[in-house]
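Engineer: Okay, handing you the structure first.
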Amino acid sequence: MTNPSLLILAGDGIGQEVMAEVKKVIGWYGDKRDIAFDVSEDLVGGAAYDAHGTPLHDDTMARAQEVDAVLLGAVGGPKYDDLDFSVKPERGLLRLRKEMDLYANLRPAQCFDALADFSSLKKDVVAGLDIMIVRELTSGIYFGEPRGIIEEGNERVGINTQRYSESEIERVARSAFELAKRRGNKVCSMEKANVMESGILWREVVQRVHDAEYPDVELGHMYADAGAMQLCRWPKQFDVIVTDNLFGDLLSDAAAMLTGSLGMLPSASLGAPMANGRPKALYEPVHGSAPDIAGQGKANPIACILSFAMALRYSFDMGEEADRLENAVETVLADGKRTADLLGEEGVQPVSTAGMGDAIVEALNASL
Ligand code: IPM
Ligand code: MG
């Protein structure tokens, strides 16, 4: 059997630094668990633009289509702010999502006990929180046509189109129900069926998939604005939330803050199964490239390391190894080790980006 293949696209800003720590973890699995990955690396975002004049070279795109999983750091930075829209670093990421057809974006929001005081919400609201947002990632208003800025009379009009087909809703609904079966067996679907036809169809199709294929999973529906309110009021009422591309973008940032720090949250973007049965997949931290702190050893590598844990679970069917890595992160936090984004409490021990990576590797060693 060939080794599982990984394409690493560290990208820009802190992407490079946090990925260096993930590579330590990947190395550990090779040395200590005999799980050797066939790792290749390439450029994305501003780094790719600097080298090739495009945020994603065609060869990189082709390689991404072949590997078992892509691991991405972050893209963007002020240096690229004035570039044309078509070659901005973010376009590289959107092209990967679209061409790999990664329609289900899994964004867990999990509050580690050691960080429950760190959230801006009261401790009892967030302690023990473990929810999963499933965001549709390849359609909706992000990609719908017509779009653009056009002249109309003596002014300009900006246009984007929210558009969902039944099959697009069905497949992401299935992803959400499948996940729920392995978690708390509960799905809440969010849309704006009160004002949008696409929302009416969304609700109807999610309900239909439920009734026909997943009648044993508890299903509820909420308008997305009410959902945002409930997410802040009592987030533990949710298990899996399934929603469209734009609502998912907003709701997942809100959910991120429940956990205390954006530097903690991983994500998986999954598509249809490939010939080997594994889903097309890209894993990335939810945070961005944070150019203001890049290169200073301040970045928190945990979100990127937990993204690799998601790869172990969802691409390589190594749930126990994923648990091991997540437990190692939990141990290190419980020991009081904190990167710059998590400082402030009494009695904690500041560590650099590399210090956090080393501590996690040490906790992995201790787990054997
Ligand atoms: C995200 C980001 C992206 C999005 C940007 C960087 C294109 O906000 O992954 O949530 O809007 O999807
Ligand atoms: Mg976002």
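By convention in this document, the chains of the structure tokens carry letters A, B, ... by their order, each chain's residues are numbered from 1, and ligands are numbered from 1 in the order they are shown.
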Please identify all polymer residues within 12 Å of region 31-36 of chain A, counting only C-alpha atoms, omitting same-chain residues fewer than 4 positions from it, and present them as an MDAnalysis selection string.

Structural biologist: chainID A and resid 1:6 24:27 312 316 318 320:321 324 361:362 364:368

Engineer: Can you list, as a list of chain:residue names, every residue of region 75-121 of chain A that DSSP puts in strand (DSSP E)?

Structural biologist: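 Those in region 75-121 of chain A that DSSP calls strand (DSSP E) are A:Ala104, A:Asn105, A:Leu106, A:Arg107, A:Pro108, A:Ala109, A:Gln110.
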
Engineer: Residues contacting ligand 1 - anything with an atom at most 8 Å away, using only C-alpha atoms and all ligand atoms - can you give me those as number ranges by chain?

Structural biologist: A: 75, 90-91, 93-94, 137, 245-246, 249-250, 252-253, 286, 288

Engineer: Can I get the selection written as a PDB file, in the first residue's frame, with N, CA, C and O atoms?

Structural biologist:
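This went into out.pdb:
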```pdb
ATOM      1  N   VAL A  75      -3.822  32.743   3.970  1.00  0.00           N
ATOM      2  CA  VAL A  75      -3.443  33.581   2.825  1.00  0.00           C
ATOM      3  C   VAL A  75      -3.767  35.047   3.086  1.00  0.00           C
ATOM      4  O   VAL A  75      -4.662  35.371   3.854  1.00  0.00           O
ATOM      5  N   GLU A  90      -6.854  35.656  -1.641  1.00  0.00           N
ATOM      6  CA  GLU A  90      -8.073  34.907  -1.311  1.00  0.00           C
ATOM      7  C   GLU A  90      -8.614  34.137  -2.518  1.00  0.00           C
ATOM      8  O   GLU A  90      -9.273  33.106  -2.363  1.00  0.00           O
ATOM      9  N   ARG A  91      -8.349  34.641  -3.735  1.00  0.00           N
ATOM     10  CA  ARG A  91      -8.856  33.954  -4.925  1.00  0.00           C
ATOM     11  C   ARG A  91      -8.229  32.564  -5.050  1.00  0.00           C
ATOM     12  O   ARG A  91      -8.830  31.647  -5.605  1.00  0.00           O
ATOM     13  N   LEU A  93      -7.511  30.535  -2.591  1.00  0.00           N
ATOM     14  CA  LEU A  93      -8.256  29.658  -1.684  1.00  0.00           C
ATOM     15  C   LEU A  93      -9.640  29.336  -2.260  1.00  0.00           C
ATOM     16  O   LEU A  93     -10.083  28.173  -2.254  1.00  0.00           O
ATOM     17  N   LEU A  94     -10.316  30.360  -2.795  1.00  0.00           N
ATOM     18  CA  LEU A  94     -11.659  30.128  -3.347  1.00  0.00           C
ATOM     19  C   LEU A  94     -11.591  29.195  -4.558  1.00  0.00           C
ATOM     20  O   LEU A  94     -12.475  28.369  -4.767  1.00  0.00           O
ATOM     21  N   LEU A 137     -20.113  25.308   0.975  1.00  0.00           N
ATOM     22  CA  LEU A 137     -18.911  26.097   0.657  1.00  0.00           C
ATOM     23  C   LEU A 137     -18.686  26.391  -0.824  1.00  0.00           C
ATOM     24  O   LEU A 137     -17.773  27.130  -1.161  1.00  0.00           O
ATOM     25  N   ASN A 245     -23.597  29.183   2.501  1.00  0.00           N
ATOM     26  CA  ASN A 245     -22.222  29.690   2.449  1.00  0.00           C
ATOM     27  C   ASN A 245     -22.058  30.999   3.238  1.00  0.00           C
ATOM     28  O   ASN A 245     -21.189  31.103   4.114  1.00  0.00           O
ATOM     29  N   LEU A 246     -22.898  31.973   2.960  1.00  0.00           N
ATOM     30  CA  LEU A 246     -22.736  33.280   3.613  1.00  0.00           C
ATOM     31  C   LEU A 246     -23.157  33.249   5.086  1.00  0.00           C
ATOM     32  O   LEU A 246     -22.431  33.744   5.954  1.00  0.00           O
ATOM     33  N   ASP A 249     -20.482  31.573   6.988  1.00  0.00           N
ATOM     34  CA  ASP A 249     -19.301  32.419   7.195  1.00  0.00           C
ATOM     35  C   ASP A 249     -19.503  33.279   8.440  1.00  0.00           C
ATOM     36  O   ASP A 249     -18.623  33.363   9.307  1.00  0.00           O
ATOM     37  N   LEU A 250     -20.674  33.893   8.541  1.00  0.00           N
ATOM     38  CA  LEU A 250     -20.956  34.786   9.674  1.00  0.00           C
ATOM     39  C   LEU A 250     -21.115  34.002  10.981  1.00  0.00           C
ATOM     40  O   LEU A 250     -20.524  34.352  12.005  1.00  0.00           O
ATOM     41  N   SER A 252     -20.061  31.106  11.840  1.00  0.00           N
ATOM     42  CA  SER A 252     -18.873  30.411  12.349  1.00  0.00           C
ATOM     43  C   SER A 252     -17.898  31.388  12.998  1.00  0.00           C
ATOM     44  O   SER A 252     -17.200  31.024  13.942  1.00  0.00           O
ATOM     45  N   ASP A 253     -17.833  32.620  12.522  1.00  0.00           N
ATOM     46  CA  ASP A 253     -16.990  33.591  13.232  1.00  0.00           C
ATOM     47  C   ASP A 253     -17.586  33.901  14.604  1.00  0.00           C
ATOM     48  O   ASP A 253     -16.860  34.039  15.591  1.00  0.00           O
ATOM     49  N   VAL A 286      -9.242  28.275  11.022  1.00  0.00           N
ATOM     50  CA  VAL A 286     -10.247  29.292  10.695  1.00  0.00           C
ATOM     51  C   VAL A 286      -9.623  30.695  10.692  1.00  0.00           C
ATOM     52  O   VAL A 286     -10.061  31.585   9.976  1.00  0.00           O
ATOM     53  N   GLY A 288      -6.880  33.851  10.075  1.00  0.00           N
ATOM     54  CA  GLY A 288      -6.222  34.345   8.868  1.00  0.00           C
ATOM     55  C   GLY A 288      -4.711  34.429   9.021  1.00  0.00           C
ATOM     56  O   GLY A 288      -4.126  33.770   9.887  1.00  0.00           O
TER      57      GLY A 288
END
```

Engineer: Tell me, in Å to one decimal, how far CA of Gly357 (chain A) is from CA of Ile14 (chain A).

Structural biologist: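 A separation of 13.9 Å between them.
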
Engineer: Distance CA of Val187 (chain A)-atom 1 (Mg, counted along the ligand's line) of ligand 2, one decimal place?

Structural biologist: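 Here the two named atoms are 21.6 Å from each other.
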
Engineer: If you run DSSP on this backbone, which residues of region 39-103 of chain A come out as alpha helix (DSSP H), and could you give them as a list of chain:residue names?

Structural biologist: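 Output for region 39-103 of chain A, alpha helix (DSSP H) only: A:Gly46, A:Ala47, A:Ala48, A:Tyr49, A:Asp50, A:Ala51, A:His52, A:Asp58, A:Asp59, A:Thr60, A:Met61, A:Ala62, A:Arg63, A:Ala64, A:Gln65, A:Glu66, A:Pro89, A:Glu90, A:Arg91, A:Gly92, A:Leu93, A:Leu94, A:Arg95, A:Leu96, A:Arg97, A:Lys98, A:Glu99.
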